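Novice: Quick one: the structure is below, questions incoming.
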There are 2 protein chains.
Amino acid sequence: MRSHVLIVGCGFGGLEAARALRGADVDITVVDKTNHHLFQPLLYQVATAGLSAPSIAAPIRQLFRRQPEVTTLLGEVVAVDAAAQTVTLRDGARLRWDHLIVAAGATHSYFGRDDWAPHAPGLKTLDDAFEIRRRVLMAFEAAEREDDPARRAAWLQFVVVGAGPTGVELAGTLAEIARHTLPGEFRRIDPRQARILLVEGGPRVLASMPETLSERAREQLAALGVEVRLSTRVTGIDEQGLDLGTADGPLRLPSRCVLWAAGVAASPLGRVLAGATGCALDRAGRVVVEPDLSVPGHPRIQVIGDLAAAHSHAPGREPRPVPGVSPGAKQMGRCAAANIRRQLRGAATQAFRYADYGNLATIGRHSAVVDLGTPAGALRFSGYFAWLFWLFAHVYFLIGFRNRFVVLLDWAWAYWTYDRGARVVPGGTPAGLSVANPVRDAARDDHRPAG
Amino acid sequence: MRSHVLIVGCGFGGLEAARALRGADVDITVVDKTNHHLFQPLLYQVATAGLSAPSIAAPIRQLFRRQPEVTTLLGEVVAVDAAAQTVTLRDGARLRWDHLIVAAGATHSYFGRDDWAPHAPGLKTLDDAFEIRRRVLMAFEAAEREDDPARRAAWLQFVVVGAGPTGVELAGTLAEIARHTLPGEFRRIDPRQARILLVEGGPRVLASMPETLSERAREQLAALGVEVRLSTRVTGIDEQGLDLGTADGPLRLPSRCVLWAAGVAASPLGRVLAGATGCALDRAGRVVVEPDLSVPGHPRIQVIGDLAAAHSHAPGREPRPVPGVSPGAKQMGRCAAANIRRQLRGAATQAFRYADYGNLATIGRHSAVVDLGTPAGALRFSGYFAWLFWLFAHVYFLIGFRNRFVVLLDWAWAYWTYDRGARVVPGGTPAGLSVANPVRDAARDDHRPAG
């Protein structure tokens, strides 16, 4: 009887684990809540209408077409029984496993203020990306129809909360859209008057980067027209704007489009696992794993990716926390697969060791910062060549030849024309837009071209 | 004071009217419920995951970027006042006009059985296309998880109602997906066992085509594996399937995925116009217009496209109804624009004359039927060259160079690989899927590869 490996979640970690088990004497079932693997580093491009969803998502079934030992199931795991070696799906179905790899990832967190969620969408899923795309484009539509200057200004004030990689990418791209994509298309507003604010609680942008690169990123953001407000806490968000706590005291910022890129929390499956195994969770809800990525006392349950509070164990060095980036998740996936192979042949498992190839972040049209660890020491650069490096690294790692090619084509087009091909919002006029924007008795003169 | 032309709806007719008014001494406002112009003839490709939405949709604002006299407004017209020369939007805003062109198109109709709508989505908008894509792909997912053979068969039985061009395209493409795209990706079902039925109330498919081409289309559908049931009325649709009235008596057909391509009804704006002007509507709710496309007694209101019950007036011939196809809508748009120019200079308007360049319909991978009117007589052909002709005609007319190029690339890829790049369903596990498909205590053997 072949052993059955159950992998929960098909992000970077789960996909890599299943691939790394190719040829092992196991059957594999991959369970995911959606039908697609998502190339999350480019999700902000879908949110900002630069790429269409199929360009960065691939059907999970298709990825395993040539790996017949893998069965794909669409479903959501809601319970784990460590003694019986089963998981239960939301519909009540139970699946048995001999080895369990939990790679359920993370979601955004509002630090206990879930009432902010409707007013400040985060960016983790395709649905999130469509919602952000809709809000950004509809804000310009609403501004075009608004007569009152203050209300119009609120529609044209965009606030991104959190200056990690996602926040920086979103803010930079919003500035690009306002300055380069939309001008010429509106008759009553000038999209270039839109204000893009990036609000960050800490003292610098891209805190995971070296300080010099944070400073370069801040300069590049400013050059794009993004106003960066550091050391600024968000104390409230509602439909009309947000409340900030600054060094100069409280500040009210009217804005009809607030995007959330601040907090990350582990998947709720962390709590499920804690209940089933008694394992500890860290402050972000991640499972504290053994050096070999297994759950303490449960060598056949491994947790990888953003759900794991894992450390890198290099010989002769202090264990170091693994950053929540896709190379980390992929390497954990390979490690989990290798340890299952060892367990199958009765060998001891090995500790996880993270190979840090560096850190990239893009800011907008041809600017980025790159921090590479090389044998000769750290290599740091920023600007145009950093952007090219970022671009090719991302296209290279994008799943599937076709996607890469279409993405490169879309970008080449966008590069020459500033066009953003995916500026399409399904559905009709949103209710909020109509209510908030009376154009009362607009005579024809109001609709003449402004220029 | 320049005259103000208000165009309601930016489909083929409205877009063409606005473009044809370029250089005229008028200001133009285009009001549409969505932010995009949709290339409807390829919408079935979005529904069947062959193309992404941005490939066939362009932001309306972008289309008018270089026509500064055009103002774009996102909004829904709910009332018309012919005496005051205004329209009212859903949010209460009023817009004045000197000339009104109503090009609000059509929607699908369930012949008074709106209770069928939740069980048999139609295909008119991008939202419709996403819903069909979701249902088709989720039916295969559900079948993969279903243990009961009868229930599994119901998930794998796809029924398309209505054998007009859209129904034929949908059925042919579904057969292609089941036979060529999905095999190899499932472990417990064989997607090739899916049954695709095309149900038509009339005696032949593509009733607007000459009889010989209808017969060729039927043969090509059969070759693709589509079962065509002609002269079959639908008497009921519910969540579990549909009831048919056949020559042999009533028949119950279990199916979890029914698609509606049968009825078309004019936009509700037809009734609004009838209330405002007293104009007559035909059985499909279309406005019966004068030969010059104006509303009787209201020379400054014109109705074009699918909302108009218009006739072609060729000298020396009986007036003939204009078919509801995109060339008809575009030609009406040009006619409306030309008549406004004539009105502005005090000249008499001209009657609409439809130039019929022929009729195309595609059936699936390299099959189509073509019926061209040439000076030398009718030219009719079918099969591979008809498909190539169809393909290039559609790509040629697709708005915007970039879209054409990306679409050709997507098709070239799909042609060689049978891959359908847009098989991505945003959102998580649909509730219906989980409830309907218990995989109870599925032991690992159930999830082994079937082969």
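Identifiers for the structure tokens are assigned positionally: chains receive A, B, ... in sequence, residues are indexed from 1 per chain, and ligands are indexed from 1 in the order shown.
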Write out as a JSON list (two decimals) with all heavy atoms, in the first residue's frame the set of residues from segment 157-310 of chain B that DSSP, computed on the backbone, places in alpha helix (DSSP H).
Specialist:
```
[["chain", "number", "residue", "atom", "x", "y", "z"],
["B", 165, "PRO", "N", -26.59, 31.56, -33.21],
["B", 165, "PRO", "CA", -25.12, 31.61, -33.23],
["B", 165, "PRO", "C", -24.51, 31.40, -31.84],
["B", 165, "PRO", "O", -23.55, 30.61, -31.70],
["B", 165, "PRO", "CB", -24.82, 33.01, -33.76],
["B", 165, "PRO", "CG", -26.04, 33.39, -34.54],
["B", 165, "PRO", "CD", -27.21, 32.72, -33.87],
["B", 166, "THR", "N", -25.04, 32.05, -30.80],
["B", 166, "THR", "CA", -24.43, 31.91, -29.47],
["B", 166, "THR", "C", -24.55, 30.49, -28.95],
["B", 166, "THR", "O", -23.60, 29.93, -28.40],
["B", 166, "THR", "CB", -25.09, 32.90, -28.48],
["B", 166, "THR", "OG1", -24.91, 34.23, -28.96],
["B", 166, "THR", "CG2", -24.49, 32.77, -27.10],
["B", 167, "GLY", "N", -25.72, 29.88, -29.11],
["B", 167, "GLY", "CA", -25.91, 28.52, -28.64],
["B", 167, "GLY", "C", -24.99, 27.53, -29.35],
["B", 167, "GLY", "O", -24.41, 26.65, -28.72],
["B", 168, "VAL", "N", -24.84, 27.73, -30.66],
["B", 168, "VAL", "CA", -23.98, 26.84, -31.43],
["B", 168, "VAL", "C", -22.52, 27.00, -31.00],
["B", 168, "VAL", "O", -21.79, 26.02, -30.81],
["B", 168, "VAL", "CB", -24.16, 27.12, -32.94],
["B", 168, "VAL", "CG1", -23.06, 26.47, -33.77],
["B", 168, "VAL", "CG2", -25.53, 26.63, -33.40],
["B", 169, "GLU", "N", -22.09, 28.25, -30.81],
["B", 169, "GLU", "CA", -20.71, 28.50, -30.36],
["B", 169, "GLU", "C", -20.47, 27.88, -28.99],
["B", 169, "GLU", "O", -19.44, 27.24, -28.75],
["B", 169, "GLU", "CB", -20.45, 30.00, -30.28],
["B", 169, "GLU", "CG", -20.25, 30.67, -31.62],
["B", 169, "GLU", "CD", -20.55, 32.17, -31.59],
["B", 169, "GLU", "OE1", -20.95, 32.68, -30.51],
["B", 169, "GLU", "OE2", -20.39, 32.82, -32.62],
["B", 170, "LEU", "N", -21.40, 28.10, -28.06],
["B", 170, "LEU", "CA", -21.22, 27.57, -26.71],
["B", 170, "LEU", "C", -21.16, 26.04, -26.73],
["B", 170, "LEU", "O", -20.27, 25.44, -26.12],
["B", 170, "LEU", "CB", -22.36, 28.03, -25.80],
["B", 170, "LEU", "CG", -22.29, 29.46, -25.27],
["B", 170, "LEU", "CD1", -23.56, 29.80, -24.49],
["B", 170, "LEU", "CD2", -21.07, 29.65, -24.36],
["B", 171, "ALA", "N", -22.10, 25.41, -27.42],
["B", 171, "ALA", "CA", -22.14, 23.95, -27.44],
["B", 171, "ALA", "C", -20.87, 23.38, -28.09],
["B", 171, "ALA", "O", -20.25, 22.44, -27.56],
["B", 171, "ALA", "CB", -23.38, 23.46, -28.18],
["B", 172, "GLY", "N", -20.46, 23.97, -29.21],
["B", 172, "GLY", "CA", -19.26, 23.48, -29.88],
["B", 172, "GLY", "C", -18.03, 23.62, -29.01],
["B", 172, "GLY", "O", -17.20, 22.70, -28.92],
["B", 173, "THR", "N", -17.92, 24.75, -28.30],
["B", 173, "THR", "CA", -16.74, 24.97, -27.47],
["B", 173, "THR", "C", -16.77, 24.07, -26.23],
["B", 173, "THR", "O", -15.73, 23.59, -25.79],
["B", 173, "THR", "CB", -16.65, 26.45, -27.06],
["B", 173, "THR", "OG1", -16.91, 27.26, -28.21],
["B", 173, "THR", "CG2", -15.27, 26.78, -26.54],
["B", 174, "LEU", "N", -17.96, 23.84, -25.67],
["B", 174, "LEU", "CA", -18.04, 22.92, -24.52],
["B", 174, "LEU", "C", -17.56, 21.53, -24.92],
["B", 174, "LEU", "O", -16.83, 20.87, -24.17],
["B", 174, "LEU", "CB", -19.48, 22.83, -24.01],
["B", 174, "LEU", "CG", -20.00, 24.01, -23.20],
["B", 174, "LEU", "CD1", -21.43, 23.74, -22.73],
["B", 174, "LEU", "CD2", -19.10, 24.27, -22.00],
["B", 175, "ALA", "N", -17.95, 21.11, -26.11],
["B", 175, "ALA", "CA", -17.51, 19.78, -26.59],
["B", 175, "ALA", "C", -16.00, 19.74, -26.70],
["B", 175, "ALA", "O", -15.34, 18.78, -26.30],
["B", 175, "ALA", "CB", -18.18, 19.46, -27.93],
["B", 176, "GLU", "N", -15.42, 20.83, -27.24],
["B", 176, "GLU", "CA", -13.97, 20.92, -27.36],
["B", 176, "GLU", "C", -13.29, 20.82, -26.00],
["B", 176, "GLU", "O", -12.27, 20.14, -25.84],
["B", 176, "GLU", "CB", -13.66, 22.30, -27.92],
["B", 176, "GLU", "CG", -12.80, 22.33, -29.14],
["B", 176, "GLU", "CD", -12.64, 23.78, -29.55],
["B", 176, "GLU", "OE1", -13.48, 24.23, -30.35],
["B", 176, "GLU", "OE2", -11.70, 24.44, -29.06],
["B", 211, "GLU", "N", -30.67, 27.07, -45.62],
["B", 211, "GLU", "CA", -30.90, 25.72, -45.09],
["B", 211, "GLU", "C", -29.70, 24.79, -45.26],
["B", 211, "GLU", "O", -29.38, 24.00, -44.37],
["B", 211, "GLU", "CB", -32.14, 25.11, -45.75],
["B", 211, "GLU", "CG", -33.16, 24.66, -44.72],
["B", 211, "GLU", "CD", -34.49, 24.31, -45.37],
["B", 211, "GLU", "OE1", -35.25, 25.24, -45.72],
["B", 211, "GLU", "OE2", -34.74, 23.11, -45.51],
["B", 212, "THR", "N", -29.02, 24.92, -46.39],
["B", 212, "THR", "CA", -27.88, 24.02, -46.60],
["B", 212, "THR", "C", -26.80, 24.25, -45.55],
["B", 212, "THR", "O", -26.20, 23.30, -45.05],
["B", 212, "THR", "CB", -27.25, 24.26, -47.99],
["B", 212, "THR", "OG1", -27.02, 25.68, -48.14],
["B", 212, "THR", "CG2", -28.18, 23.79, -49.09],
["B", 213, "LEU", "N", -26.59, 25.52, -45.19],
["B", 213, "LEU", "CA", -25.55, 25.79, -44.18],
["B", 213, "LEU", "C", -26.01, 25.33, -42.80],
["B", 213, "LEU", "O", -25.18, 24.88, -41.98],
["B", 213, "LEU", "CB", -25.19, 27.28, -44.18],
["B", 213, "LEU", "CG", -24.41, 27.76, -45.41],
["B", 213, "LEU", "CD1", -24.04, 29.23, -45.27],
["B", 213, "LEU", "CD2", -23.14, 26.93, -45.61],
["B", 214, "SER", "N", -27.31, 25.44, -42.50],
["B", 214, "SER", "CA", -27.82, 24.91, -41.24],
["B", 214, "SER", "C", -27.49, 23.43, -41.13],
["B", 214, "SER", "O", -27.06, 22.93, -40.09],
["B", 214, "SER", "CB", -29.34, 25.09, -41.16],
["B", 214, "SER", "OG", -29.68, 26.42, -40.90],
["B", 215, "GLU", "N", -27.68, 22.73, -42.24],
["B", 215, "GLU", "CA", -27.44, 21.29, -42.24],
["B", 215, "GLU", "C", -25.95, 21.00, -42.05],
["B", 215, "GLU", "O", -25.56, 20.12, -41.28],
["B", 215, "GLU", "CB", -27.97, 20.69, -43.55],
["B", 215, "GLU", "CG", -27.86, 19.19, -43.67],
["B", 215, "GLU", "CD", -28.43, 18.44, -42.47],
["B", 215, "GLU", "OE1", -29.32, 18.99, -41.79],
["B", 215, "GLU", "OE2", -27.95, 17.31, -42.18],
["B", 216, "ARG", "N", -25.09, 21.79, -42.71],
["B", 216, "ARG", "CA", -23.64, 21.61, -42.52],
["B", 216, "ARG", "C", -23.25, 21.88, -41.07],
["B", 216, "ARG", "O", -22.41, 21.17, -40.49],
["B", 216, "ARG", "CB", -22.84, 22.53, -43.46],
["B", 216, "ARG", "CG", -23.09, 22.31, -44.94],
["B", 216, "ARG", "CD", -22.81, 20.88, -45.34],
["B", 216, "ARG", "NE", -21.41, 20.51, -45.13],
["B", 216, "ARG", "CZ", -20.45, 20.70, -46.04],
["B", 216, "ARG", "NH1", -20.77, 21.21, -47.21],
["B", 216, "ARG", "NH2", -19.20, 20.37, -45.79],
["B", 217, "ALA", "N", -23.85, 22.90, -40.50],
["B", 217, "ALA", "CA", -23.54, 23.23, -39.10],
["B", 217, "ALA", "C", -23.94, 22.08, -38.19],
["B", 217, "ALA", "O", -23.21, 21.70, -37.27],
["B", 217, "ALA", "CB", -24.24, 24.52, -38.68],
["B", 218, "ARG", "N", -25.11, 21.49, -38.46],
["B", 218, "ARG", "CA", -25.58, 20.36, -37.65],
["B", 218, "ARG", "C", -24.60, 19.19, -37.75],
["B", 218, "ARG", "O", -24.25, 18.56, -36.76],
["B", 218, "ARG", "CB", -26.97, 19.94, -38.09],
["B", 218, "ARG", "CG", -27.79, 19.24, -37.00],
["B", 218, "ARG", "CD", -29.02, 18.58, -37.57],
["B", 218, "ARG", "NE", -28.73, 17.70, -38.70],
["B", 218, "ARG", "CZ", -28.12, 16.53, -38.60],
["B", 218, "ARG", "NH1", -27.77, 16.06, -37.43],
["B", 218, "ARG", "NH2", -27.86, 15.82, -39.68],
["B", 219, "GLU", "N", -24.13, 18.93, -38.97],
["B", 219, "GLU", "CA", -23.16, 17.84, -39.16],
["B", 219, "GLU", "C", -21.85, 18.13, -38.40],
["B", 219, "GLU", "O", -21.28, 17.25, -37.76],
["B", 219, "GLU", "CB", -22.82, 17.69, -40.64],
["B", 219, "GLU", "CG", -23.95, 17.10, -41.48],
["B", 219, "GLU", "CD", -23.71, 17.32, -42.97],
["B", 219, "GLU", "OE1", -22.55, 17.66, -43.36],
["B", 219, "GLU", "OE2", -24.67, 17.19, -43.74],
["B", 220, "GLN", "N", -21.41, 19.39, -38.47],
["B", 220, "GLN", "CA", -20.15, 19.72, -37.79],
["B", 220, "GLN", "C", -20.30, 19.62, -36.27],
["B", 220, "GLN", "O", -19.38, 19.19, -35.58],
["B", 220, "GLN", "CB", -19.69, 21.13, -38.20],
["B", 220, "GLN", "CG", -19.29, 21.20, -39.68],
["B", 220, "GLN", "CD", -18.93, 22.60, -40.14],
["B", 220, "GLN", "OE1", -18.75, 23.50, -39.34],
["B", 220, "GLN", "NE2", -18.80, 22.78, -41.44],
["B", 221, "LEU", "N", -21.47, 20.03, -35.76],
["B", 221, "LEU", "CA", -21.72, 19.88, -34.33],
["B", 221, "LEU", "C", -21.68, 18.41, -33.94],
["B", 221, "LEU", "O", -21.07, 18.03, -32.93],
["B", 221, "LEU", "CB", -23.08, 20.48, -33.96],
["B", 221, "LEU", "CG", -23.13, 22.00, -33.85],
["B", 221, "LEU", "CD1", -24.58, 22.48, -33.83],
["B", 221, "LEU", "CD2", -22.39, 22.47, -32.60],
["B", 222, "ALA", "N", -22.32, 17.56, -34.73],
["B", 222, "ALA", "CA", -22.34, 16.13, -34.43],
["B", 222, "ALA", "C", -20.92, 15.57, -34.44],
["B", 222, "ALA", "O", -20.54, 14.77, -33.58],
["B", 222, "ALA", "CB", -23.23, 15.40, -35.44],
["B", 223, "ALA", "N", -20.11, 16.03, -35.41],
["B", 223, "ALA", "CA", -18.73, 15.55, -35.48],
["B", 223, "ALA", "C", -17.94, 15.94, -34.23],
["B", 223, "ALA", "O", -17.04, 15.23, -33.80],
["B", 223, "ALA", "CB", -18.05, 16.10, -36.74],
["B", 224, "LEU", "N", -18.29, 17.08, -33.64],
["B", 224, "LEU", "CA", -17.61, 17.51, -32.41],
["B", 224, "LEU", "C", -18.13, 16.77, -31.19],
["B", 224, "LEU", "O", -17.58, 16.90, -30.10],
["B", 224, "LEU", "CB", -17.83, 19.02, -32.20],
["B", 224, "LEU", "CG", -16.95, 19.96, -33.00],
["B", 224, "LEU", "CD1", -17.50, 21.37, -32.92],
["B", 224, "LEU", "CD2", -15.52, 19.93, -32.47],
["B", 269, "LEU", "N", -35.30, 50.18, -21.72],
["B", 269, "LEU", "CA", -35.41, 51.57, -22.16],
["B", 269, "LEU", "C", -36.45, 51.72, -23.27],
["B", 269, "LEU", "O", -36.97, 52.82, -23.50],
["B", 269, "LEU", "CB", -34.06, 52.09, -22.65],
["B", 269, "LEU", "CG", -33.26, 52.92, -21.65],
["B", 269, "LEU", "CD1", -32.06, 53.54, -22.33],
["B", 269, "LEU", "CD2", -34.12, 54.02, -21.03],
["B", 270, "GLY", "N", -36.76, 50.61, -23.98],
["B", 270, "GLY", "CA", -37.81, 50.66, -24.99],
["B", 270, "GLY", "C", -39.13, 51.09, -24.36],
["B", 270, "GLY", "O", -39.82, 51.99, -24.87],
["B", 271, "ARG", "N", -39.48, 50.47, -23.23],
["B", 271, "ARG", "CA", -40.73, 50.83, -22.54],
["B", 271, "ARG", "C", -40.68, 52.27, -22.02],
["B", 271, "ARG", "O", -41.66, 53.00, -22.07],
["B", 271, "ARG", "CB", -41.00, 49.87, -21.38],
["B", 271, "ARG", "CG", -41.53, 48.52, -21.84],
["B", 271, "ARG", "CD", -42.14, 47.74, -20.68],
["B", 271, "ARG", "NE", -41.18, 47.51, -19.60],
["B", 271, "ARG", "CZ", -40.30, 46.51, -19.58],
["B", 271, "ARG", "NH1", -40.27, 45.65, -20.58],
["B", 271, "ARG", "NH2", -39.48, 46.35, -18.57],
["B", 272, "VAL", "N", -39.50, 52.68, -21.54],
["B", 272, "VAL", "CA", -39.35, 54.06, -21.08],
["B", 272, "VAL", "C", -39.64, 55.03, -22.23],
["B", 272, "VAL", "O", -40.36, 56.01, -22.07],
["B", 272, "VAL", "CB", -37.91, 54.27, -20.52],
["B", 272, "VAL", "CG1", -37.65, 55.75, -20.26],
["B", 272, "VAL", "CG2", -37.71, 53.46, -19.25],
["B", 273, "LEU", "N", -39.07, 54.73, -23.40],
["B", 273, "LEU", "CA", -39.28, 55.59, -24.57],
["B", 273, "LEU", "C", -40.74, 55.59, -24.99],
["B", 273, "LEU", "O", -41.29, 56.64, -25.37],
["B", 273, "LEU", "CB", -38.41, 55.12, -25.73],
["B", 273, "LEU", "CG", -37.04, 55.74, -25.88],
["B", 273, "LEU", "CD1", -36.34, 55.16, -27.10],
["B", 273, "LEU", "CD2", -37.15, 57.26, -26.01],
["B", 274, "ALA", "N", -41.38, 54.41, -24.93],
["B", 274, "ALA", "CA", -42.79, 54.33, -25.31],
["B", 274, "ALA", "C", -43.62, 55.21, -24.39],
["B", 274, "ALA", "O", -44.53, 55.92, -24.84],
["B", 274, "ALA", "CB", -43.25, 52.88, -25.27],
["B", 275, "GLY", "N", -43.29, 55.18, -23.10],
["B", 275, "GLY", "CA", -44.03, 56.02, -22.15],
["B", 275, "GLY", "C", -43.81, 57.50, -22.43],
["B", 275, "GLY", "O", -44.72, 58.32, -22.28],
["B", 276, "ALA", "N", -42.60, 57.86, -22.86],
["B", 276, "ALA", "CA", -42.27, 59.27, -23.04],
["B", 276, "ALA", "C", -42.77, 59.83, -24.36],
["B", 276, "ALA", "O", -43.06, 61.02, -24.48],
["B", 276, "ALA", "CB", -40.75, 59.46, -22.93],
["B", 277, "THR", "N", -42.86, 58.96, -25.39],
["B", 277, "THR", "CA", -43.17, 59.47, -26.73],
["B", 277, "THR", "C", -44.43, 58.85, -27.33],
["B", 277, "THR", "O", -44.87, 59.30, -28.39],
["B", 277, "THR", "CB", -42.01, 59.17, -27.70],
["B", 277, "THR", "OG1", -41.93, 57.74, -27.89],
["B", 277, "THR", "CG2", -40.69, 59.69, -27.17]]
```
Novice: Do a neighbour search on Leu391 of chain B at 12 Å with only C-alpha atoms, toss out local chain neighbours closer than 6 positions, and write the hits as JSON, numbers by chain.
Specialist: {"B": [41, 42, 360, 361, 362, 363, 364, 365, 366, 367, 368, 369, 370, 384, 385, 397, 398, 404, 407, 408, 411, 412, 415]}
Novice: Within 7 Å of segment 291-304 of chain A, counting only C-alpha atoms, which residues qualify if same-chain residues fewer than 6 places away don't, as a list in words?
Specialist: Gly13, His99, Leu100, Ile101, Val102, Ala103, Cys279, Ala310, His311, Ala329, Met332, Gly333, Ala336, Thr349, Gln350, Ala351 and Phe352 of chain A
Novice: What's around segment 259-266 of chain B at 8 Å? Count only C-alpha atoms, leave out sequence neighbours fewer than 2 positions away in its own chain, and write the answer as a VMD selection string.
Specialist: chain B and resid 105 to 111 120 to 123 132 158 to 164 166 to 167 257 268 to 270 284 to 286 306 to 307
Novice: Name all residues at most 10 Å from Arg152 of chain B (count only C-alpha atoms; drop same-chain ones fewer than 3 positions away) and give them as a VMD selection string.
Specialist: chain B and resid 139 to 140 142 to 149 155 to 157 189 194 255 to 256 437
Novice: Please give the complete set of residues from segment 85-326 of chain B that DSSP, run on the backbone, assigns to strand (DSSP E or B), formatted as JSON, numbers by chain.
Specialist: {"B": [86, 87, 88, 89, 94, 95, 96, 99, 100, 101, 102, 106, 107, 108, 109, 157, 158, 159, 160, 161, 195, 196, 197, 198, 199, 226, 227, 228, 229, 233, 234, 235, 236, 237, 238, 241, 242, 243, 244, 245, 246, 249, 250, 251, 252, 253, 254, 257, 258, 259, 260, 263, 264, 265, 266, 281, 287, 288, 294, 295, 298, 299, 300, 301, 302, 303, 308, 309, 311, 312, 320, 321]}
Novice: Return the single residue from A:Val289, A:Ile237, A:Ala93, A:Met1 that is closest to chain B, with distances computed using only C-alpha atoms.
Specialist: A:Ala93
Novice: So which one's closest to Asp410 of chain B, B:Ala422, B:Leu15, B:Pro59, B:Arg233? Using only C-alpha atoms, please.
Specialist: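 Nearest candidate to Asp410 of chain B out of B:Ala422, B:Leu15, B:Pro59, B:Arg233: B:Ala422.
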Novice: When you look at Gly358 of chain A with a cut-off of 7 Å (counting only C-alpha atoms), what residues show up, excluding the ones that are within fewer than 2 positions of it in the same chain? I need them as a list of chain:residue names.
Specialist: A:Asp356, A:Leu360, A:Asp371, A:Leu372, A:Gly373
Novice: Can you work out which one of B:Trp387, B:Leu74, B:Val406, B:Thr232 has the shortest atom-to-atom distance to Gly50 of chain B, counting only C-alpha atoms?
Specialist: B:Val406
Novice: Which residue is closest to chain A? Choose from B:Gly346, B:Gly184, B:Pro210, B:Gly328 and count only C-alpha atoms.
Specialist: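 Of B:Gly346, B:Gly184, B:Pro210, B:Gly328, the one nearest chain A is B:Gly184, counting only C-alpha atoms.
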